[in-house]
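Asks: Handing over input_18.csv, CSV, C-alpha atoms and all ligand atoms.
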chain,number,residue,atom,x,y,z
A,29,MET,CA,14.3,-1.3,15.7
A,30,SER,CA,11.3,-1.4,13.4
A,31,LEU,CA,11.7,-1.6,9.6
A,32,LEU,CA,9.8,1.7,9.3
A,33,GLU,CA,9.2,4.1,12.1
A,34,VAL,CA,7.0,7.2,11.6
A,35,GLU,CA,7.2,9.7,14.4
A,36,LYS,CA,4.7,12.5,14.7
A,37,ILE,CA,4.6,13.6,11.1
A,38,ASN,CA,2.6,16.7,10.0
A,39,SER,CA,1.8,16.8,6.3
A,40,TYR,CA,0.1,19.6,4.3
A,41,TYR,CA,-1.3,20.3,0.8
A,42,GLY,CA,-0.4,24.0,0.5
A,43,ASP,CA,-1.9,25.6,3.6
A,44,SER,CA,-4.2,22.7,4.4
A,45,HIS,CA,-3.0,20.7,7.4
A,46,ILE,CA,-3.9,17.1,6.7
A,47,LEU,CA,-1.8,14.8,9.0
A,48,PHE,CA,-1.5,15.7,12.6
A,49,ASP,CA,1.4,14.1,14.6
A,50,VAL,CA,0.8,10.8,12.8
A,51,SER,CA,3.0,8.0,14.3
A,52,MET,CA,3.1,4.4,13.2
A,53,ARG,CA,5.6,1.5,12.9
A,54,VAL,CA,5.9,-1.4,10.5
A,55,GLU,CA,7.9,-4.4,11.4
A,56,GLU,CA,9.8,-6.7,9.0
A,57,ASN,CA,7.5,-9.3,7.3
A,58,GLU,CA,4.4,-7.6,8.7
A,59,VAL,CA,1.2,-6.7,7.0
A,60,VAL,CA,-0.2,-3.5,8.4
A,61,ALA,CA,-3.7,-2.3,7.5
A,62,LEU,CA,-4.4,1.5,7.6
A,63,LEU,CA,-8.1,2.0,7.8
A,64,GLY,CA,-10.3,5.1,7.9
A,65,ARG,CA,-13.2,6.9,6.3
A,66,ASN,CA,-13.0,8.7,2.9
A,67,GLY,CA,-10.7,11.7,3.3
A,68,ALA,CA,-9.3,10.6,6.6
A,69,GLY,CA,-5.7,10.9,5.4
A,70,LYS,CA,-4.8,7.3,4.4
A,71,SER,CA,-3.4,8.1,0.9
A,72,THR,CA,-1.6,11.1,2.3
A,73,THR,CA,0.1,8.9,4.9
A,74,LEU,CA,1.3,6.5,2.1
A,75,LYS,CA,2.4,9.5,0.0
A,76,SER,CA,4.3,10.8,3.0
A,77,LEU,CA,6.0,7.5,3.4
A,78,MET,CA,6.9,7.5,-0.3
A,79,GLY,CA,8.3,11.1,-0.3
A,80,VAL,CA,5.6,12.3,-2.7
A,81,VAL,CA,4.2,14.6,0.0
A,82,LYS,CA,7.0,16.0,2.3
A,83,PRO,CA,6.0,16.1,5.9
A,84,LYS,CA,6.7,19.6,7.3
A,85,THR,CA,7.7,18.2,10.7
A,86,GLY,CA,8.3,14.7,12.1
A,87,ILE,CA,10.6,11.9,11.4
A,88,ILE,CA,10.4,8.8,9.2
A,89,ARG,CA,13.1,6.1,9.7
A,90,HIS,CA,13.7,3.2,7.4
A,91,LYS,CA,16.0,0.6,8.9
A,92,GLY,CA,17.0,3.2,11.5
A,93,VAL,CA,18.0,5.9,9.0
A,94,GLU,CA,16.1,9.1,8.7
A,95,VAL,CA,14.5,9.3,5.2
A,96,GLN,CA,11.8,12.0,5.5
A,97,ASN,CA,13.9,14.3,3.3
A,98,LEU,CA,14.5,11.8,0.5
A,99,ALA,CA,13.0,12.0,-2.9
A,100,PRO,CA,10.5,9.3,-4.1
A,101,HIS,CA,13.1,7.7,-6.4
A,102,GLU,CA,15.6,7.5,-3.5
A,103,LEU,CA,13.0,5.8,-1.3
A,104,ALA,CA,12.2,3.4,-4.2
A,105,ARG,CA,15.9,2.5,-4.4
A,106,ARG,CA,15.8,1.7,-0.7
A,107,GLY,CA,13.1,-0.8,-1.4
A,108,ILE,CA,9.9,1.1,-0.7
A,109,GLN,CA,7.4,0.8,-3.5
A,110,LEU,CA,4.0,2.4,-3.8
A,111,VAL,CA,1.2,0.7,-5.8
A,112,PRO,CA,-1.1,3.7,-6.3
A,113,GLU,CA,-4.9,3.6,-6.4
A,114,GLU,CA,-5.0,4.3,-10.1
A,115,ARG,CA,-3.1,1.1,-11.2
A,116,ARG,CA,-0.6,2.4,-13.6
A,117,VAL,CA,-0.3,-0.3,-16.1
A,118,PHE,CA,0.8,0.4,-19.7
A,119,GLY,CA,-2.2,-0.5,-21.9
A,120,SER,CA,-0.5,-0.7,-25.3
A,121,ILE,CA,2.3,-3.1,-24.3
A,122,THR,CA,2.0,-6.7,-23.1
A,123,VAL,CA,2.0,-8.0,-19.5
A,124,HIS,CA,5.5,-9.3,-20.0
A,125,GLU,CA,6.8,-6.0,-21.4
A,126,ASN,CA,5.2,-4.2,-18.4
A,127,LEU,CA,7.2,-6.4,-16.1
A,128,LEU,CA,10.4,-6.2,-18.2
A,129,LEU,CA,10.1,-2.4,-18.0
A,130,ALA,CA,9.8,-2.5,-14.2
A,131,ALA,CA,12.8,-4.9,-14.1
A,132,MET,CA,14.9,-2.7,-16.4
A,133,THR,CA,14.6,0.3,-14.2
A,134,ALA,CA,15.4,-1.5,-11.0
A,135,GLU,CA,18.8,-2.0,-9.5
A,136,ASN,CA,18.4,-5.5,-8.3
A,137,PRO,CA,15.3,-6.9,-10.0
A,138,MET,CA,13.7,-10.2,-9.1
A,139,PRO,CA,13.7,-12.8,-12.0
A,140,ILE,CA,10.5,-12.5,-13.9
A,141,ASP,CA,9.9,-16.2,-13.8
A,142,ALA,CA,9.7,-16.0,-10.0
A,143,VAL,CA,6.9,-13.4,-10.4
A,144,TYR,CA,5.0,-15.7,-12.8
A,145,GLU,CA,5.3,-18.4,-10.1
A,146,ALA,CA,3.7,-16.1,-7.6
A,147,PHE,CA,1.1,-14.9,-10.2
A,148,PRO,CA,0.3,-17.9,-12.4
A,149,ARG,CA,-2.5,-15.9,-14.0
A,150,LEU,CA,-0.1,-13.3,-15.3
A,151,GLY,CA,2.1,-16.1,-16.8
A,152,GLU,CA,-1.0,-17.3,-18.7
A,153,ARG,CA,-1.6,-13.7,-19.9
A,154,ARG,CA,2.0,-12.7,-20.6
A,155,ARG,CA,1.3,-11.9,-24.2
A,156,HIS,CA,-1.9,-9.9,-23.5
A,157,ARG,CA,-1.8,-6.2,-23.7
A,158,GLY,CA,-2.4,-4.2,-20.6
A,159,LYS,CA,-5.7,-2.8,-21.9
A,160,GLN,CA,-7.0,-6.3,-22.6
A,161,LEU,CA,-6.8,-7.3,-18.9
A,162,SER,CA,-9.6,-7.2,-16.4
A,163,GLY,CA,-9.4,-4.7,-13.5
A,164,GLY,CA,-8.2,-7.5,-11.2
A,165,GLU,CA,-5.5,-8.6,-13.6
A,166,GLN,CA,-4.3,-5.0,-14.0
A,167,GLN,CA,-4.0,-4.8,-10.3
A,168,MET,CA,-1.9,-8.0,-10.3
A,169,VAL,CA,0.4,-6.4,-12.9
A,170,ALA,CA,0.7,-3.3,-10.7
A,171,ILE,CA,1.6,-5.4,-7.6
A,172,ALA,CA,3.9,-7.6,-9.6
A,173,ARG,CA,5.8,-4.5,-10.9
A,174,ALA,CA,6.4,-3.5,-7.3
A,175,MET,CA,7.5,-7.0,-6.4
A,176,ILE,CA,9.9,-7.4,-9.3
A,177,ARG,CA,11.7,-4.3,-8.1
A,178,ASN,CA,12.6,-6.3,-5.0
A,179,ALA,CA,10.4,-4.2,-2.7
A,180,GLY,CA,11.2,-4.6,0.9
A,181,ILE,CA,8.0,-2.7,1.7
A,182,ILE,CA,5.0,-2.6,-0.7
A,183,LEU,CA,2.5,0.2,0.0
A,184,LEU,CA,-0.9,-0.8,-1.5
A,185,ASP,CA,-3.4,2.0,-1.9
A,186,GLU,CA,-6.9,0.5,-2.1
A,187,PRO,CA,-6.0,-2.6,-4.2
A,188,PHE,CA,-9.5,-4.1,-4.1
A,189,GLU,CA,-11.4,-0.9,-5.1
A,190,GLY,CA,-14.0,-1.4,-7.8
A,191,LEU,CA,-13.2,-5.1,-8.2
A,192,ALA,CA,-15.8,-7.9,-8.2
A,193,PRO,CA,-15.9,-10.1,-5.0
A,194,LEU,CA,-14.4,-13.1,-6.8
A,195,ILE,CA,-11.5,-11.1,-8.1
A,196,VAL,CA,-11.0,-9.6,-4.6
A,197,ARG,CA,-10.7,-13.2,-3.3
A,198,ASP,CA,-8.0,-14.0,-5.9
A,199,LEU,CA,-6.1,-10.8,-5.1
A,200,MET,CA,-6.3,-11.5,-1.4
A,201,GLN,CA,-4.7,-14.8,-2.0
A,202,VAL,CA,-1.9,-13.1,-4.0
A,203,CYS,CA,-1.4,-10.6,-1.1
A,204,ARG,CA,-1.4,-13.5,1.4
A,205,ARG,CA,1.3,-15.3,-0.6
A,206,LEU,CA,3.3,-12.1,-0.8
A,207,ALA,CA,3.1,-11.8,3.0
A,208,ASP,CA,3.9,-15.5,3.5
A,209,ALA,CA,7.0,-15.0,1.2
A,210,GLY,CA,8.2,-12.4,3.7
A,211,HIS,CA,7.3,-9.2,1.9
A,212,THR,CA,6.3,-6.3,4.2
A,213,ILE,CA,3.0,-4.7,3.2
A,214,VAL,CA,1.1,-1.6,4.2
A,215,ILE,CA,-2.4,-1.8,2.9
A,216,VAL,CA,-4.9,1.0,2.7
A,217,GLU,CA,-8.4,-0.4,2.1
A,218,GLN,CA,-12.0,0.5,2.4
A,219,ASN,CA,-12.9,-3.1,2.4
A,220,VAL,CA,-12.3,-3.5,6.2
A,221,ARG,CA,-13.2,-7.2,6.3
A,222,ALA,CA,-10.7,-8.0,3.5
A,223,ALA,CA,-7.9,-5.9,4.9
A,224,LEU,CA,-8.4,-7.4,8.4
A,225,SER,CA,-8.4,-10.9,7.1
A,226,PHE,CA,-4.7,-10.9,6.4
A,227,ALA,CA,-3.2,-8.0,8.3
A,228,HIS,CA,-1.2,-8.7,11.4
A,229,ARG,CA,-1.8,-5.3,12.8
A,230,CYS,CA,-4.0,-2.3,12.0
A,231,TYR,CA,-4.3,1.4,12.5
A,232,ILE,CA,-7.3,3.7,12.2
A,233,ILE,CA,-6.8,7.2,11.1
A,234,ASN,CA,-9.6,9.8,11.5
A,235,ASN,CA,-9.4,13.4,10.3
A,236,GLY,CA,-5.7,13.2,10.1
A,237,HIS,CA,-5.2,11.8,13.6
A,238,MET,CA,-4.2,8.2,14.4
A,239,VAL,CA,-6.9,7.0,16.8
A,240,TYR,CA,-6.4,3.2,17.1
A,241,GLU,CA,-3.6,0.6,16.9
A,242,GLY,CA,-4.2,-3.1,17.5
A,243,THR,CA,-4.5,-6.5,16.1
A,244,PRO,CA,-7.4,-7.4,13.8
A,245,ASP,CA,-8.7,-9.7,16.6
A,246,GLN,CA,-8.6,-6.9,19.2
A,247,LEU,CA,-10.3,-4.5,16.7
A,248,GLN,CA,-13.0,-7.0,15.9
A,249,GLN,CA,-13.8,-7.2,19.6
A,250,GLU,CA,-14.2,-3.5,19.7
A,251,GLY,CA,-17.2,-3.3,17.5
A,252,SER,CA,-18.0,0.3,18.7
A,253,ILE,CA,-14.6,1.6,17.4
A,254,ILE,CA,-15.2,0.1,14.0
A,255,GLU,CA,-18.7,1.6,13.8
A,256,LYS,CA,-17.5,5.0,15.2
A,257,TYR,CA,-14.5,5.5,12.9
A,258,LEU,CA,-15.2,3.3,9.9
A,259,GLY,CA,-19.0,3.4,9.8
A,260,VAL,CA,-19.3,-0.4,9.2
A,261,LYS,CA,-20.1,-3.5,11.2
A,262,VAL,CA,-17.6,-6.3,10.8
B,301,LIG,N1,-3.8,17.1,-3.8
B,301,LIG,C1,-4.5,17.5,-2.8
B,301,LIG,N2,-4.7,18.8,-2.6
B,301,LIG,C2,-5.4,19.3,-1.6
B,301,LIG,N3,-6.1,18.5,-0.7
B,301,LIG,C3,-6.0,17.2,-0.9
B,301,LIG,C4,-5.2,16.6,-1.9
B,301,LIG,N4,-5.3,15.3,-1.9
B,301,LIG,C5,-6.1,15.0,-0.8
B,301,LIG,N5,-6.5,16.1,-0.2
B,301,LIG,C6,-7.4,16.3,1.0
B,301,LIG,O1,-6.7,15.7,2.1
B,301,LIG,C7,-7.5,15.0,2.9
B,301,LIG,C8,-7.0,13.5,3.1
B,301,LIG,O2,-7.1,12.9,1.8
B,301,LIG,P1,-6.6,11.4,1.5
B,301,LIG,O3,-6.6,11.2,0.0
B,301,LIG,O4,-5.3,11.2,2.2
B,301,LIG,O5,-7.7,10.6,2.3
B,301,LIG,P2,-8.0,9.0,2.2
B,301,LIG,O6,-8.2,8.6,3.6
B,301,LIG,O7,-7.0,8.3,1.4
B,301,LIG,O8,-9.4,9.0,1.5
B,301,LIG,P3,-9.9,8.3,0.2
B,301,LIG,O9,-10.3,6.9,0.7
B,301,LIG,O10,-11.1,9.1,-0.2
B,301,LIG,O11,-8.8,8.3,-0.8
B,301,LIG,C9,-8.9,15.1,2.3
B,301,LIG,O12,-9.6,16.1,3.0
B,301,LIG,C10,-8.7,15.5,0.8
B,301,LIG,O13,-9.7,16.3,0.4
Write out the structure in this file as structure tokens.
Replies:
Amino acid sequence: MSLLEVEKINSYYGDSHILFDVSMRVEENEVVALLGRNGAGKSTTLKSLMGVVKPKTGIIRHKGVEVQNLAPHELARRGIQLVPEERRVFGSITVHENLLLAAMTAENPMPIDAVYEAFPRLGERRRHRGKQLSGGEQQMVAIARAMIRNAGIILLDEPFEGLAPLIVRDLMQVCRRLADAGHTIVIVEQNVRAALSFAHRCYIINNGHMVYEGTPDQLQQEGSIIEKYLGVKV
């Protein structure tokens, strides 16, 4: 049994059919990259996993239990945490207060000191306000907030978007440490090279259809698939 099993989900915005029989699985302690061009349906897939968009048909199982009808807060309680594209960090309160807030609203939060161990930079900046942080640091706070809530599965929506290469490198290290510490991660990312460098397995979605599943090594040997569906050379 996989930690998360998605079986042929069909998701819509109003009458617009966006996901067509999308299936995927995520194993415990695995990092899965979900790749695809702009508008391919990556965020909609994450939103469907998080209950923000309700699939009209299909099944999503978490630890073997059907969860496709649960509300986002119920899924969060089960340990599924979405770190959305638009990094929701509170700008007027400090890093520490941002983390405290995440801990206060969680059932079984992780000690904040453990989070500072994983993100030493946030420890250094604990008294800085959210709005004083760089984009990369804000992204670290957003990921740390998910982590503190003892997420079994962290869904990362384009965590490297708009960040300078050096910051991306730092953040990738953070993500690798999270993976090594046994967190399960689903990452959606336009930066194919970055995503493939630490994913165990990857999927490609195109026009709402899952068109590829394999390991990063397998995908990199299939240069034509990368060019066809992602429009880049790796
Ligand atoms: N709230 C919405 N209402 C209507 N259509 C939407 C909505 N959000 C997304 N879409 C459409 O759904 C399709 C899939 O969008 P989605 O955001 O899942 O793509 P994506 O692969 O994450 O792309 P991007 O990298 O641009 O975020 C696109 O055609 C998009 O225009």
Asks: Considering all atoms listed in the file, give me a table of residues in chain A that are at most 7 Å from ligand LIG 301 (chain B), with the closest atom pair and distance in Å for each, as CSV.
Replies:
residue,atom,partner,partner_atom,distance
A:Tyr41,CA,B:LIG301,C2,4.9
A:Ser44,CA,B:LIG301,N3,6.9
A:Ile46,CA,B:LIG301,O1,5.6
A:Gly64,CA,B:LIG301,O6,5.9
A:Arg65,CA,B:LIG301,O6,5.9
A:Asn66,CA,B:LIG301,O10,3.7
A:Gly67,CA,B:LIG301,O5,3.3
A:Ala68,CA,B:LIG301,O6,3.8
A:Gly69,CA,B:LIG301,O4,3.2
A:Lys70,CA,B:LIG301,O6,3.7
A:Ser71,CA,B:LIG301,O7,3.6
A:Thr72,CA,B:LIG301,O4,3.7
A:Thr73,CA,B:LIG301,O4,6.5
A:Gln218,CA,B:LIG301,O9,6.8
Asks: Name the closest residue to Ile87 in chain A among the candidates A:Arg53, A:His45, A:His228, A:Arg155; distances are taken between atoms, counting only C-alpha atoms.
Replies: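 For Ile87 in chain A, the nearest of the given residues is A:Arg53.
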Asks: So which one's closest to Arg204 in chain A, A:Leu74, A:Ile176, A:Ile253, A:Ala146? Using all atoms listed in the file, please.
Replies: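 Selected residue with least distance to Arg204 in chain A: A:Ala146.
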Asks: Applying 10 Å and only C-alpha atoms, which residues near Tyr40 in chain A remain after dropping the ones on its own chain fewer than 2 positions away? List them as a count of residues only.
Replies: 14
Asks: Using all atoms listed in the file, what does the table of range 42-90 of chain A residues within 12 Å of range 239-250 of chain A look like, with each row giving the shortest atom pair and its distance in Å to one decimal, sorted by chain and ascending number, as JSON lines?
Replies:
{"residue": "A:Phe48", "atom": "CA", "partner": "A:Val239", "partner_atom": "CA", "distance": 11.1}
{"residue": "A:Asp49", "atom": "CA", "partner": "A:Val239", "partner_atom": "CA", "distance": 11.1}
{"residue": "A:Val50", "atom": "CA", "partner": "A:Val239", "partner_atom": "CA", "distance": 9.5}
{"residue": "A:Ser51", "atom": "CA", "partner": "A:Glu241", "partner_atom": "CA", "distance": 10.3}
{"residue": "A:Met52", "atom": "CA", "partner": "A:Glu241", "partner_atom": "CA", "distance": 8.5}
{"residue": "A:Arg53", "atom": "CA", "partner": "A:Glu241", "partner_atom": "CA", "distance": 10.1}
{"residue": "A:Val54", "atom": "CA", "partner": "A:Glu241", "partner_atom": "CA", "distance": 11.6}
{"residue": "A:Glu58", "atom": "CA", "partner": "A:Thr243", "partner_atom": "CA", "distance": 11.6}
{"residue": "A:Val59", "atom": "CA", "partner": "A:Thr243", "partner_atom": "CA", "distance": 10.7}
{"residue": "A:Val60", "atom": "CA", "partner": "A:Thr243", "partner_atom": "CA", "distance": 9.3}
{"residue": "A:Ala61", "atom": "CA", "partner": "A:Pro244", "partner_atom": "CA", "distance": 8.9}
{"residue": "A:Leu62", "atom": "CA", "partner": "A:Glu241", "partner_atom": "CA", "distance": 9.4}
{"residue": "A:Leu63", "atom": "CA", "partner": "A:Tyr240", "partner_atom": "CA", "distance": 9.5}
{"residue": "A:Gly64", "atom": "CA", "partner": "A:Val239", "partner_atom": "CA", "distance": 9.7}
{"residue": "A:Ala68", "atom": "CA", "partner": "A:Val239", "partner_atom": "CA", "distance": 11.1}
Asks: Which residues come within 12 Å of Gly151 in chain A, counting only C-alpha atoms, excluding same-chain residues fewer than 3 positions away, as an NGL selection string?
Replies: :A and (122-124 or 127 or 140-148 or 154-156 or 165 or 168-169 or 172)
Asks: What's the separation between CA of Val117 in chain A and CA of Leu191 in chain A, in Å to one decimal place?
Replies: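 Those two atoms sit 15.9 Å apart.
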Asks: Separation of CA of Ile108 in chain A and CA of Lys75 in chain A, in Å?
Replies: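 Atom-to-atom, CA of Ile108 in chain A to CA of Lys75 in chain A, that is 11.3 Å.
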Asks: A:Leu31, A:Ala192, A:Ala104, A:Leu150: which is nearest Asn126 in chain A, counting all atoms listed in the file?
Replies: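 Of the candidates, the smallest distance to Asn126 in chain A is held by A:Leu150.
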Asks: Kindly give the distance, in Å, that separates CA of Val111 in chain A and CA of Gly180 in chain A, rounded to a single decimal.
Replies: 13.2 Å
Asks: Here is a test: counting only C-alpha atoms, which residue of A:Leu224, A:Tyr257, A:Leu77, A:Ile121 is nearest to Met238 in chain A?
Replies: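 So, comparing all the options, the nearest one is A:Tyr257.
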Asks: Excluding Ala170 in chain A and any residue of its chain fewer than 4 positions from it, enumerate the residues within 10 Å of it, using all atoms listed in the file, and give them as JSON, numbers by chain.
Replies: {"A": [110, 111, 112, 113, 114, 115, 116, 117, 118, 126, 127, 130, 164, 165, 166, 174, 175, 184, 187]}
Asks: Looking at A:Leu183, A:Leu206, A:Met78, A:Ile254, which one is nearest to Ile233 in chain A, with distances taken over only C-alpha atoms?
Replies: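 Closest residue, counting only C-alpha atoms: A:Ile254.
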